[in-house]
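Novice: This is final.txt, which holds compact mmCIF, C-alpha atoms and all ligand atoms:
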# COMPACT_ATOMS: atom_id res chain seq x y z
CA MET J 140 157.74 138.69 102.02
CA LYS J 141 157.73 141.81 104.19
CA ALA J 142 161.02 143.66 103.70
CA ALA J 143 161.68 144.33 107.39
CA LEU J 144 161.05 140.72 108.35
CA TYR J 145 163.32 139.49 105.58
CA GLN J 146 166.11 141.90 106.62
CA GLN J 147 165.92 140.67 110.20
CA TRP J 148 165.91 137.05 109.04
CA ALA J 149 169.00 137.64 106.84
CA LYS J 150 170.82 139.42 109.68
CA ASP J 151 170.07 136.65 112.21
CA THR J 152 170.92 133.89 109.72
CA ARG J 153 174.27 135.53 108.82
CA LYS J 154 175.14 135.91 112.47
CA PHE J 155 174.74 132.17 113.00
CA TRP J 156 176.88 131.19 109.97
CA ASP J 157 179.57 133.89 110.32
CA SER J 158 182.11 131.63 112.03
CA GLU J 159 185.03 133.20 113.89
CA SER J 160 187.70 131.02 112.24
CA GLU J 161 188.13 128.65 109.32
CA PHE J 162 188.44 125.82 111.88
CA GLU J 163 185.06 126.69 113.38
CA ALA J 164 183.52 127.00 109.91
CA LYS J 165 184.83 123.58 108.84
CA TYR J 166 184.31 121.51 111.98
CA ARG J 167 181.51 123.24 113.88
CA ARG J 168 179.27 124.45 111.06
CA ILE J 169 179.92 122.53 107.83
CA CYS J 170 181.05 119.06 108.97
CA SER J 171 179.89 118.66 112.51
CA ASP J 172 178.88 115.38 114.10
CA PRO J 173 179.56 113.71 117.48
CA GLU J 174 182.86 112.15 116.30
CA ILE J 175 184.15 115.42 114.80
CA ASP J 176 182.97 117.48 117.78
CA SER J 177 184.91 115.33 120.25
CA CYS J 178 188.06 114.91 118.09
CA GLU J 179 191.09 117.00 119.03
CA ASP J 180 193.60 115.46 116.65
CA GLU J 181 194.06 117.74 113.61
CA SER J 182 195.19 115.00 111.22
CA ARG J 183 192.19 112.83 112.19
CA LEU J 184 189.88 115.81 111.66
CA LYS J 185 191.36 116.36 108.19
CA GLU J 186 190.83 112.65 107.42
CA LEU J 187 187.17 112.86 108.54
CA TRP J 188 186.64 116.04 106.49
CA GLU J 189 188.04 114.39 103.36
CA LYS J 190 186.14 111.13 103.90
CA ARG J 191 182.82 112.90 104.36
CA THR J 192 183.50 115.14 101.37
CA ARG J 193 184.22 112.12 99.13
CA GLU J 194 181.08 110.31 100.32
CA GLU J 195 178.82 113.37 100.00
CA LEU J 196 180.20 114.29 96.58
CA ASP J 197 179.30 110.78 95.37
CA GLN J 198 175.74 111.28 96.65
CA LEU J 199 175.57 114.72 95.07
CA ILE J 200 176.61 113.67 91.56
CA ASP J 201 174.71 110.37 91.59
CA GLY J 202 172.98 110.05 88.21
CA VAL J 203 174.11 113.45 86.89
CA PRO J 204 176.17 113.12 83.67
CA ILE J 205 178.57 115.98 84.43
CA ARG J 206 180.59 117.13 81.41
CA GLU J 207 183.86 119.03 81.15
CA ASP J 208 182.17 121.98 79.44
CA TRP J 209 179.47 122.42 82.11
CA SER J 210 178.89 125.43 84.36
CA CYS J 211 177.79 124.38 87.84
CA LEU J 212 176.32 126.42 90.67
CA GLU J 213 176.04 125.62 94.37
CA ILE J 214 173.60 127.32 96.76
CA GLY J 215 175.00 127.66 100.29
CA ALA J 216 178.54 126.70 99.23
CA GLY J 217 180.29 127.49 102.53
CA ILE J 218 184.08 127.52 102.14
CA GLY J 219 183.87 125.62 98.82
CA ARG J 220 184.29 122.06 100.18
CA LEU J 221 182.22 120.54 97.34
CA LEU J 222 183.07 123.15 94.71
CA LYS J 223 186.75 122.15 94.82
CA PRO J 224 186.28 118.54 93.61
CA MET J 225 183.38 119.64 91.39
CA ALA J 226 185.66 122.12 89.58
CA GLN J 227 187.89 119.20 88.52
CA ARG J 228 184.95 117.72 86.62
CA CYS J 229 183.56 120.78 84.87
CA HIS J 230 184.45 124.08 83.19
CA GLN J 231 183.32 126.40 85.98
CA ALA J 232 182.00 125.87 89.51
CA VAL J 233 180.48 128.89 91.22
CA GLY J 234 178.82 129.07 94.62
CA VAL J 235 176.75 131.60 96.55
CA ASP J 236 176.60 131.97 100.30
CA ILE J 237 174.85 134.30 102.75
CA SER J 238 177.86 134.51 105.12
CA ALA J 239 180.67 136.99 104.37
CA LYS J 240 182.99 134.99 106.65
CA MET J 241 182.35 131.77 104.72
CA VAL J 242 183.05 133.64 101.47
CA SER J 243 186.35 134.97 102.85
CA TYR J 244 187.45 131.47 104.01
CA ALA J 245 186.49 130.17 100.55
CA GLU J 246 189.01 132.54 98.94
CA ASN J 247 191.74 130.76 100.88
CA TYR J 248 190.35 127.23 100.47
CA LEU J 249 189.89 127.65 96.71
CA ALA J 250 193.10 129.60 96.08
CA ASP J 251 194.54 126.66 94.09
CA THR J 252 191.31 126.14 92.09
CA PRO J 253 191.03 128.98 89.54
CA ASN J 254 187.73 127.78 88.02
CA ALA J 255 185.87 127.83 91.36
CA LYS J 256 184.69 130.71 93.53
CA VAL J 257 182.06 131.61 96.12
CA MET J 258 180.10 134.87 95.91
CA LEU J 259 178.22 136.62 98.71
CA ASN J 260 174.46 136.71 98.14
CA ASP J 261 171.34 138.01 99.89
CA GLY J 262 170.26 134.56 101.10
CA MET J 263 167.37 134.06 98.68
CA THR J 264 168.25 135.08 95.12
CA LEU J 265 170.90 134.34 92.51
CA SER J 266 171.14 137.87 91.17
CA GLY J 267 174.26 138.27 89.08
CA VAL J 268 173.80 134.80 87.58
CA GLU J 269 172.54 135.07 84.00
CA ASP J 270 169.30 133.48 82.83
CA SER J 271 169.70 130.00 81.24
CA SER J 272 173.46 129.92 81.87
CA ILE J 273 173.91 126.95 84.24
CA ASP J 274 173.98 123.23 83.37
CA PHE J 275 173.84 121.92 86.92
CA ALA J 276 172.51 123.70 90.02
CA TYR J 277 172.85 121.92 93.34
CA SER J 278 172.68 122.36 97.08
CA HIS J 279 173.84 120.16 99.92
CA LEU J 280 173.51 120.86 103.66
CA ALA J 281 171.91 124.25 102.94
CA PHE J 282 168.19 123.73 102.18
CA GLN J 283 167.92 121.77 105.43
CA HIS J 284 168.88 125.00 107.21
CA LEU J 285 166.45 127.32 105.41
CA THR J 286 163.92 128.55 107.94
CA MET J 287 161.39 130.37 105.76
CA LEU J 288 159.26 128.79 103.03
CA GLU J 289 159.44 132.03 101.00
CA VAL J 290 163.22 131.61 100.80
CA VAL J 291 162.90 128.03 99.54
CA LYS J 292 160.38 129.14 96.91
CA SER J 293 162.56 132.06 95.87
CA TYR J 294 165.55 129.76 95.33
CA LEU J 295 163.48 127.26 93.31
CA ALA J 296 162.23 130.06 91.05
CA GLU J 297 165.80 131.30 90.68
CA ILE J 298 167.10 127.80 89.88
CA HIS J 299 164.52 127.57 87.10
CA ARG J 300 165.60 130.98 85.78
CA ILE J 301 169.37 130.28 85.69
CA LEU J 302 169.24 126.68 84.42
CA LYS J 303 169.61 125.97 80.73
CA PRO J 304 166.64 124.06 79.24
CA GLY J 305 167.18 120.41 80.21
CA GLY J 306 169.62 121.50 82.94
CA TYR J 307 169.94 119.41 86.09
CA CYS J 308 169.10 120.35 89.67
CA ARG J 309 170.03 118.25 92.65
CA ILE J 310 169.00 119.25 96.17
CA GLN J 311 169.40 117.62 99.56
CA CYS J 312 166.89 118.62 102.20
CA TRP J 313 165.33 117.21 105.39
CA ARG J 314 162.47 114.79 105.07
CA GLU J 315 159.49 115.15 107.33
CA ALA J 316 159.69 112.32 109.81
CA GLU J 317 156.78 110.93 111.74
CA THR J 318 156.67 112.25 115.30
CA PRO J 319 157.47 109.41 117.74
CA ILE J 320 154.44 108.23 119.75
CA LYS J 321 156.01 109.37 123.05
CA GLU J 322 156.42 112.89 121.70
CA ARG J 323 152.85 112.89 120.38
CA PHE J 324 151.54 112.21 123.88
CA LYS J 325 153.81 114.91 125.31
CA ASN J 326 152.51 117.32 122.65
CA ILE J 327 149.00 117.06 124.13
CA LEU J 328 150.34 118.51 127.39
CA ARG J 329 152.87 121.00 126.03
CA PRO J 330 150.48 123.85 125.07
CA ILE J 331 148.81 123.56 128.51
CA LEU J 332 152.24 123.83 130.16
CA GLY J 333 153.18 126.73 127.89
CA LYS J 334 155.89 124.70 126.11
CA THR J 335 156.66 124.57 122.38
CA VAL J 336 155.09 121.69 120.48
CA TYR J 337 157.63 119.16 119.16
CA HIS J 338 157.56 119.00 115.35
CA GLY J 339 160.05 116.23 114.68
CA PRO J 340 163.78 116.09 114.02
CA ARG J 341 165.47 119.39 113.30
CA ARG J 342 162.30 121.21 112.27
CA TRP J 343 162.86 124.86 113.10
CA LEU J 344 161.15 127.87 111.57
CA TYR J 345 162.25 131.48 111.84
CA ALA J 346 160.58 134.01 114.09
CA PRO J 347 162.07 137.40 115.03
CA GLY J 348 163.71 137.25 118.43
CA LYS J 349 164.14 133.46 118.29
CA GLU J 350 167.78 132.38 118.21
CA VAL J 351 168.90 130.90 114.85
CA LYS J 352 170.51 127.48 115.21
CA PHE J 353 170.88 124.29 113.16
CA GLY J 354 167.61 123.08 111.73
CA GLY J 355 165.10 124.37 109.24
CA ILE J 356 162.12 123.42 107.13
CA THR J 357 161.36 119.74 106.66
CA PHE J 358 159.27 118.45 103.75
CA HIS J 359 157.17 115.40 103.18
CA PRO J 360 158.42 113.78 99.91
CA HIS J 361 155.04 114.48 98.18
CA GLN J 362 155.03 118.09 99.35
CA TRP J 363 158.63 118.59 98.18
CA GLN J 364 157.98 117.06 94.75
CA HIS J 365 154.88 119.22 94.39
CA LEU J 366 156.94 122.32 95.15
CA LEU J 367 159.58 121.39 92.57
CA ARG J 368 156.90 120.72 89.95
CA LYS J 369 155.21 124.06 90.74
CA HIS J 370 158.53 125.71 89.88
CA ARG J 371 158.61 123.86 86.56
CA LEU J 372 161.33 121.45 87.66
CA THR J 373 160.54 117.89 86.58
CA VAL J 374 161.45 115.38 89.27
CA THR J 375 163.37 112.41 87.84
CA ASN J 376 164.65 110.80 91.02
CA ILE J 377 164.03 110.92 94.75
CA GLN J 378 166.27 109.15 97.27
CA LEU J 379 165.25 108.86 100.90
CA GLY J 380 167.73 108.09 103.65
CA MET J 381 170.85 108.22 101.48
CA GLY J 382 173.74 109.54 103.62
CA HIS J 383 171.51 110.13 106.63
CA GLU J 384 168.22 108.74 107.91
CA TYR J 385 166.41 112.05 107.35
CA TRP J 386 168.12 113.27 104.18
CA MET J 387 166.08 113.47 101.01
CA TRP J 388 167.95 113.88 97.72
CA THR J 389 166.05 114.84 94.59
CA THR J 390 167.12 115.19 90.99
CA SER J 391 165.00 117.41 88.78
CA ARG J 392 165.36 119.02 85.36
CA LYS J 393 164.21 122.25 83.82
CA GLN J 394 161.44 121.48 81.37
C1 LIG J 401 176.42 123.29 106.62
S1 LIG J 401 177.09 124.52 105.55
C2 LIG J 401 177.32 123.58 104.04
C3 LIG J 401 178.32 124.18 103.10
C4 LIG J 401 178.53 123.40 101.81
N1 LIG J 401 177.30 123.21 101.09
C5 LIG J 401 179.18 122.06 102.09
O1 LIG J 401 178.46 121.04 102.05
O2 LIG J 401 180.36 122.04 102.37
C6 LIG J 401 175.68 125.55 105.14
C7 LIG J 401 176.06 126.78 104.36
O3 LIG J 401 174.87 127.38 103.87
C8 LIG J 401 174.96 128.79 104.02
N2 LIG J 401 173.61 129.33 104.07
C9 LIG J 401 172.68 129.21 105.05
N3 LIG J 401 171.53 129.81 104.70
C10 LIG J 401 171.74 130.32 103.46
C11 LIG J 401 170.93 131.06 102.55
N4 LIG J 401 169.67 131.38 102.85
N5 LIG J 401 171.46 131.40 101.35
C12 LIG J 401 172.74 131.10 101.05
N6 LIG J 401 173.55 130.43 101.88
C13 LIG J 401 173.06 130.02 103.05
C14 LIG J 401 175.76 128.98 105.30
O4 LIG J 401 176.36 130.24 105.39
C15 LIG J 401 176.78 127.84 105.19
O5 LIG J 401 177.94 128.26 104.56
Let me see the structure of the file written as structure tokens.
Ligand SMILES: C[S@@+](CC[C@H](N)C(=O)[O-])C[C@H]1O[C@@H](n2cnc3c(N)ncnc32)[C@H](O)[C@@H]1O
Specialist:
Amino acid sequence: MKAALYQQWAKDTRKFWDSESEFEAKYRRICSDPEIDSCEDESRLKELWEKRTREELDQLIDGVPIREDWSCLEIGAGIGRLLKPMAQRCHQAVGVDISAKMVSYAENYLADTPNAKVMLNDGMTLSGVEDSSIDFAYSHLAFQHLTMLEVVKSYLAEIHRILKPGGYCRIQCWREAETPIKERFKNILRPILGKTVYHGPRRWLYAPGKEVKFGGITFHPHQWQHLLRKHRLTVTNIQLGMGHEYWMWTTSRKQ
């Protein structure tokens, strides 16, 4: 990837995720949905945060035989929402995140969890994590926001590098959904009218000058499995629509 383009991408991506407060990070970036967005009651918000965390943790560890002596690593860990319960199940739970603000809120959120921490990274590598040192690498609600294919590929290569042989990888990303027929008709006219072609739910790719927002690369299940295999990660399970209509969870293992 061209260095200047990557630097601009990292700067724009950080700007989007660098939330002004822990409240904004939790309820406007990490757990945001129509019910949360319209809720003004703090205790209800806390309840929703905890409920979603429990449900998503169950999806995340589905089929992974986590052991007490394992080292786990999360890509795009935010304030450590999933690392906290994960740390109760393993020896060490470490996360990386592109946003310095998220990392600083994580220090507070994980203050009572000594075997968990979030480290600032460059948004595409796991430098500082030793080769073949991790039993379980995972990512939830982060790959769906990656807006450059090079970044996805870089992370997959890094996951292969840091996993122990036989180590587990579990990633949630957005599945390519078929474009609704109405949108397909509209797409015929859009280029003539000078409008952007609709690519389906949440699909959003980076271009300098374009505002970063929610959304990122979407993958067709075959395309995604092919990419994992190319990075020497053997796919053992793929779950479509678990947790959300467009979520795709995959389990893979280092060969
Ligand atoms: C929706 S939050 C999810 C946080 C956490 N995984 C959770 O489920 O609670 C997405 C996180 O991914 C981080 N992120 C986005 N792009 C990233 C990248 N390229 N590398 C590392 N972190 C990234 C953001 O800063 C943010 O903290």
Novice: Taking only C-alpha atoms into account, name the residue in J:Trp313, J:Trp209, J:Phe324, J:Tyr244 that is nearest to J:Ala276.
Specialist: J:Trp209
Novice: Once you count all atoms listed in the file, which residues end up within 6 Å of ligand LIG 401 (chain J), and could you hand them over as a PyMOL selection string?
Specialist: chain J and resi 156+168-169+214-217+220-221+236-238+241+262-263+279-281+285
Novice: Please, which residues in stretch 247-343 of chain J fall within 12 Å of stretch 194-198 of chain J when counting all atoms listed in the file, and what is the closest atom pair and distance in Å to one decimal for each, ordered by chain then residue number, as JSON lines?
Specialist:
{"residue": "J:Tyr277", "atom": "CA", "partner": "J:Leu196", "partner_atom": "CA", "distance": 11.1}
{"residue": "J:Ser278", "atom": "CA", "partner": "J:Leu196", "partner_atom": "CA", "distance": 11.0}
{"residue": "J:His279", "atom": "CA", "partner": "J:Glu195", "partner_atom": "CA", "distance": 8.4}
{"residue": "J:Leu280", "atom": "CA", "partner": "J:Glu195", "partner_atom": "CA", "distance": 9.9}
{"residue": "J:Arg309", "atom": "CA", "partner": "J:Gln198", "partner_atom": "CA", "distance": 9.9}
{"residue": "J:Ile310", "atom": "CA", "partner": "J:Gln198", "partner_atom": "CA", "distance": 10.4}
{"residue": "J:Gln311", "atom": "CA", "partner": "J:Gln198", "partner_atom": "CA", "distance": 9.4}
Novice: Hey, can you pull every residue with an atom no more than 12 Å from (160.8, 119.0, 117.6), using only C-alpha atoms, and send it as a CSV table (one decimal) with C-alpha atoms, in the coordinates of the input?
Specialist:
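What follows is the written file selection_6.csv:
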chain,number,residue,atom,x,y,z
J,315,GLU,CA,159.5,115.2,107.3
J,316,ALA,CA,159.7,112.3,109.8
J,317,GLU,CA,156.8,110.9,111.7
J,318,THR,CA,156.7,112.2,115.3
J,319,PRO,CA,157.5,109.4,117.7
J,322,GLU,CA,156.4,112.9,121.7
J,323,ARG,CA,152.8,112.9,120.4
J,325,LYS,CA,153.8,114.9,125.3
J,326,ASN,CA,152.5,117.3,122.6
J,329,ARG,CA,152.9,121.0,126.0
J,334,LYS,CA,155.9,124.7,126.1
J,335,THR,CA,156.7,124.6,122.4
J,336,VAL,CA,155.1,121.7,120.5
J,337,TYR,CA,157.6,119.2,119.2
J,338,HIS,CA,157.6,119.0,115.4
J,339,GLY,CA,160.0,116.2,114.7
J,340,PRO,CA,163.8,116.1,114.0
J,341,ARG,CA,165.5,119.4,113.3
J,342,ARG,CA,162.3,121.2,112.3
J,343,TRP,CA,162.9,124.9,113.1
J,344,LEU,CA,161.2,127.9,111.6
J,354,GLY,CA,167.6,123.1,111.7
J,355,GLY,CA,165.1,124.4,109.2
J,356,ILE,CA,162.1,123.4,107.1
J,357,THR,CA,161.4,119.7,106.7
Novice: Can you measure atom CA of J:Ile205 to atom CA of J:Pro253 for me? One decimal in Å is fine.
Specialist: 18.7 Å
Novice: For J:Ala239, list every protein, DNA or RNA residue within 12 Å, evaluated using all atoms listed in the file, and leave out those in the same chain fewer than 2 positions away; present the list as an mmCIF file with C-alpha atoms, in the frame of the given file.
Specialist:
data_model
loop_
_atom_site.group_PDB
_atom_site.id
_atom_site.type_symbol
_atom_site.label_atom_id
_atom_site.label_comp_id
_atom_site.auth_asym_id
_atom_site.auth_seq_id
_atom_site.Cartn_x
_atom_site.Cartn_y
_atom_site.Cartn_z
ATOM 1 C CA ALA J 149 169.000 137.640 106.840
ATOM 2 C CA LYS J 150 170.820 139.420 109.680
ATOM 3 C CA THR J 152 170.920 133.890 109.720
ATOM 4 C CA ARG J 153 174.270 135.530 108.820
ATOM 5 C CA LYS J 154 175.140 135.910 112.470
ATOM 6 C CA PHE J 155 174.740 132.170 113.000
ATOM 7 C CA TRP J 156 176.880 131.190 109.970
ATOM 8 C CA ASP J 157 179.570 133.890 110.320
ATOM 9 C CA SER J 158 182.110 131.630 112.030
ATOM 10 C CA GLU J 159 185.030 133.200 113.890
ATOM 11 C CA ALA J 164 183.520 127.000 109.910
ATOM 12 C CA GLY J 215 175.000 127.660 100.290
ATOM 13 C CA ALA J 216 178.540 126.700 99.230
ATOM 14 C CA GLY J 217 180.290 127.490 102.530
ATOM 15 C CA ILE J 218 184.080 127.520 102.140
ATOM 16 C CA VAL J 235 176.750 131.600 96.550
ATOM 17 C CA ASP J 236 176.600 131.970 100.300
ATOM 18 C CA ILE J 237 174.850 134.300 102.750
ATOM 19 C CA MET J 241 182.350 131.770 104.720
ATOM 20 C CA VAL J 242 183.050 133.640 101.470
ATOM 21 C CA SER J 243 186.350 134.970 102.850
ATOM 22 C CA TYR J 244 187.450 131.470 104.010
ATOM 23 C CA ALA J 245 186.490 130.170 100.550
ATOM 24 C CA GLU J 246 189.010 132.540 98.940
ATOM 25 C CA VAL J 257 182.060 131.610 96.120
ATOM 26 C CA MET J 258 180.100 134.870 95.910
ATOM 27 C CA LEU J 259 178.220 136.620 98.710
ATOM 28 C CA ASN J 260 174.460 136.710 98.140
ATOM 29 C CA ASP J 261 171.340 138.010 99.890
ATOM 30 C CA GLY J 262 170.260 134.560 101.100
#
Novice: Between J:Arg371, J:Arg392, J:Arg191, J:Arg300, which residue has the minimum interatomic distance to J:Asp172, considering only C-alpha atoms?
Specialist: J:Arg191
Novice: From the list J:Phe353, J:Tyr166, J:Tyr385, J:Tyr345, which residue is nearest J:Glu289 when using only C-alpha atoms?
Specialist: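 Using only C-alpha atoms, J:Glu289 sits closest to J:Tyr345.
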Novice: Could you state the separation of atom CA of J:Ala346 and atom CA of J:Asp151 in Å, given to one decimal place?
Specialist: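 Separation between atom CA of J:Ala346 and atom CA of J:Asp151: 10.0 Å.
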Novice: For atom CA of J:Arg183 and atom CA of J:Asn247, determine how far apart the two atoms are, in Å to one decimal place.
Specialist: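 About the pair atom CA of J:Arg183 and atom CA of J:Asn247: they are 21.2 Å apart.
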Novice: Of the candidates J:Ile298, J:Val291, J:His230, J:Thr390, which shows the shortest atom-to-atom distance to J:Phe358, using all atoms listed in the file?
Specialist: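 Of J:Ile298, J:Val291, J:His230, J:Thr390, the one nearest J:Phe358 is J:Val291, counting all atoms listed in the file.
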Novice: Find the residue from J:Gly306, J:Pro347, J:Pro204, J:Gly234 that sits nearest to J:Leu249; use only C-alpha atoms when measuring.
Specialist: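 Using only C-alpha atoms, the shortest distance to J:Leu249 belongs to J:Gly234.
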Novice: Pull N, CA and C atoms for stretch 358-387 of chain J from the block and write them as a PDB file, in the first residue's frame.
Specialist:
ATOM      1  N   PHE J 358     -18.039  -9.123   2.575  1.00  0.00           N
ATOM      2  CA  PHE J 358     -17.502 -10.270   1.839  1.00  0.00           C
ATOM      3  C   PHE J 358     -18.594 -11.290   1.558  1.00  0.00           C
ATOM      4  N   HIS J 359     -18.518 -11.870   0.379  1.00  0.00           N
ATOM      5  CA  HIS J 359     -19.341 -13.034   0.112  1.00  0.00           C
ATOM      6  C   HIS J 359     -18.703 -14.193   0.892  1.00  0.00           C
ATOM      7  N   PRO J 360     -19.510 -15.099   1.494  1.00  0.00           N
ATOM      8  CA  PRO J 360     -18.922 -16.188   2.291  1.00  0.00           C
ATOM      9  C   PRO J 360     -17.807 -16.948   1.574  1.00  0.00           C
ATOM     10  N   HIS J 361     -17.954 -17.193   0.251  1.00  0.00           N
ATOM     11  CA  HIS J 361     -16.911 -17.944  -0.488  1.00  0.00           C
ATOM     12  C   HIS J 361     -15.625 -17.121  -0.567  1.00  0.00           C
ATOM     13  N   GLN J 362     -15.818 -15.835  -0.834  1.00  0.00           N
ATOM     14  CA  GLN J 362     -14.683 -14.917  -0.978  1.00  0.00           C
ATOM     15  C   GLN J 362     -13.913 -14.832   0.360  1.00  0.00           C
ATOM     16  N   TRP J 363     -14.678 -14.743   1.447  1.00  0.00           N
ATOM     17  CA  TRP J 363     -14.081 -14.622   2.779  1.00  0.00           C
ATOM     18  C   TRP J 363     -13.311 -15.896   3.155  1.00  0.00           C
ATOM     19  N   GLN J 364     -13.910 -17.053   2.862  1.00  0.00           N
ATOM     20  CA  GLN J 364     -13.237 -18.317   3.182  1.00  0.00           C
ATOM     21  C   GLN J 364     -11.961 -18.468   2.350  1.00  0.00           C
ATOM     22  N   HIS J 365     -12.039 -18.020   1.110  1.00  0.00           N
ATOM     23  CA  HIS J 365     -10.880 -18.088   0.221  1.00  0.00           C
ATOM     24  C   HIS J 365      -9.732 -17.240   0.798  1.00  0.00           C
ATOM     25  N   LEU J 366     -10.099 -16.069   1.280  1.00  0.00           N
ATOM     26  CA  LEU J 366      -9.100 -15.152   1.847  1.00  0.00           C
ATOM     27  C   LEU J 366      -8.437 -15.762   3.099  1.00  0.00           C
ATOM     28  N   LEU J 367      -9.252 -16.378   3.937  1.00  0.00           N
ATOM     29  CA  LEU J 367      -8.704 -17.020   5.143  1.00  0.00           C
ATOM     30  C   LEU J 367      -7.745 -18.144   4.750  1.00  0.00           C
ATOM     31  N   ARG J 368      -8.199 -18.965   3.779  1.00  0.00           N
ATOM     32  CA  ARG J 368      -7.373 -20.094   3.333  1.00  0.00           C
ATOM     33  C   ARG J 368      -6.054 -19.603   2.747  1.00  0.00           C
ATOM     34  N   LYS J 369      -6.127 -18.500   1.973  1.00  0.00           N
ATOM     35  CA  LYS J 369      -4.916 -17.941   1.358  1.00  0.00           C
ATOM     36  C   LYS J 369      -3.904 -17.519   2.423  1.00  0.00           C
ATOM     37  N   HIS J 370      -4.416 -17.186   3.605  1.00  0.00           N
ATOM     38  CA  HIS J 370      -3.537 -16.793   4.704  1.00  0.00           C
ATOM     39  C   HIS J 370      -3.249 -17.976   5.643  1.00  0.00           C
ATOM     40  N   ARG J 371      -3.416 -19.148   5.104  1.00  0.00           N
ATOM     41  CA  ARG J 371      -3.117 -20.403   5.795  1.00  0.00           C
ATOM     42  C   ARG J 371      -3.895 -20.577   7.095  1.00  0.00           C
ATOM     43  N   LEU J 372      -5.150 -20.108   7.065  1.00  0.00           N
ATOM     44  CA  LEU J 372      -6.054 -20.316   8.197  1.00  0.00           C
ATOM     45  C   LEU J 372      -7.152 -21.273   7.710  1.00  0.00           C
ATOM     46  N   THR J 373      -7.238 -22.435   8.326  1.00  0.00           N
ATOM     47  CA  THR J 373      -8.191 -23.448   7.890  1.00  0.00           C
ATOM     48  C   THR J 373      -9.562 -23.175   8.504  1.00  0.00           C
ATOM     49  N   VAL J 374     -10.540 -22.970   7.632  1.00  0.00           N
ATOM     50  CA  VAL J 374     -11.887 -22.642   8.122  1.00  0.00           C
ATOM     51  C   VAL J 374     -12.569 -23.906   8.644  1.00  0.00           C
ATOM     52  N   THR J 375     -13.033 -23.841   9.903  1.00  0.00           N
ATOM     53  CA  THR J 375     -13.713 -25.014  10.485  1.00  0.00           C
ATOM     54  C   THR J 375     -15.206 -24.762  10.684  1.00  0.00           C
ATOM     55  N   ASN J 376     -15.597 -23.508  10.666  1.00  0.00           N
ATOM     56  CA  ASN J 376     -17.014 -23.207  10.890  1.00  0.00           C
ATOM     57  C   ASN J 376     -17.351 -21.835  10.322  1.00  0.00           C
ATOM     58  N   ILE J 377     -18.532 -21.739   9.717  1.00  0.00           N
ATOM     59  CA  ILE J 377     -18.985 -20.434   9.246  1.00  0.00           C
ATOM     60  C   ILE J 377     -20.462 -20.291   9.628  1.00  0.00           C
ATOM     61  N   GLN J 378     -20.787 -19.191  10.282  1.00  0.00           N
ATOM     62  CA  GLN J 378     -22.164 -18.990  10.758  1.00  0.00           C
ATOM     63  C   GLN J 378     -22.711 -17.690  10.171  1.00  0.00           C
ATOM     64  N   LEU J 379     -23.765 -17.815   9.399  1.00  0.00           N
ATOM     65  CA  LEU J 379     -24.366 -16.635   8.773  1.00  0.00           C
ATOM     66  C   LEU J 379     -25.597 -16.198   9.555  1.00  0.00           C
ATOM     67  N   GLY J 380     -25.689 -14.893   9.789  1.00  0.00           N
ATOM     68  CA  GLY J 380     -26.907 -14.362  10.411  1.00  0.00           C
ATOM     69  C   GLY J 380     -26.995 -14.559  11.906  1.00  0.00           C
ATOM     70  N   MET J 381     -25.927 -15.018  12.558  1.00  0.00           N
ATOM     71  CA  MET J 381     -25.969 -15.169  14.007  1.00  0.00           C
ATOM     72  C   MET J 381     -25.726 -13.801  14.649  1.00  0.00           C
ATOM     73  N   GLY J 382     -26.666 -13.329  15.464  1.00  0.00           N
ATOM     74  CA  GLY J 382     -26.523 -12.026  16.130  1.00  0.00           C
ATOM     75  C   GLY J 382     -27.108 -10.891  15.315  1.00  0.00           C
ATOM     76  N   HIS J 383     -26.991 -10.976  14.002  1.00  0.00           N
ATOM     77  CA  HIS J 383     -27.496  -9.927  13.121  1.00  0.00           C
ATOM     78  C   HIS J 383     -27.621 -10.518  11.724  1.00  0.00           C
ATOM     79  N   GLU J 384     -28.642 -10.051  11.003  1.00  0.00           N
ATOM     80  CA  GLU J 384     -28.913 -10.589   9.660  1.00  0.00           C
ATOM     81  C   GLU J 384     -27.658 -10.633   8.781  1.00  0.00           C
ATOM     82  N   TYR J 385     -26.822  -9.596   8.860  1.00  0.00           N
ATOM     83  CA  TYR J 385     -25.684  -9.515   7.941  1.00  0.00           C
ATOM     84  C   TYR J 385     -24.344  -9.915   8.561  1.00  0.00           C
ATOM     85  N   TRP J 386     -24.366 -10.378   9.818  1.00  0.00           N
ATOM     86  CA  TRP J 386     -23.094 -10.792  10.423  1.00  0.00           C
ATOM     87  C   TRP J 386     -22.687 -12.166   9.902  1.00  0.00           C
ATOM     88  N   MET J 387     -21.386 -12.321   9.750  1.00  0.00           N
ATOM     89  CA  MET J 387     -20.829 -13.612   9.347  1.00  0.00           C
ATOM     90  C   MET J 387     -19.696 -13.925  10.338  1.00  0.00           C
TER      91      MET J 387
END
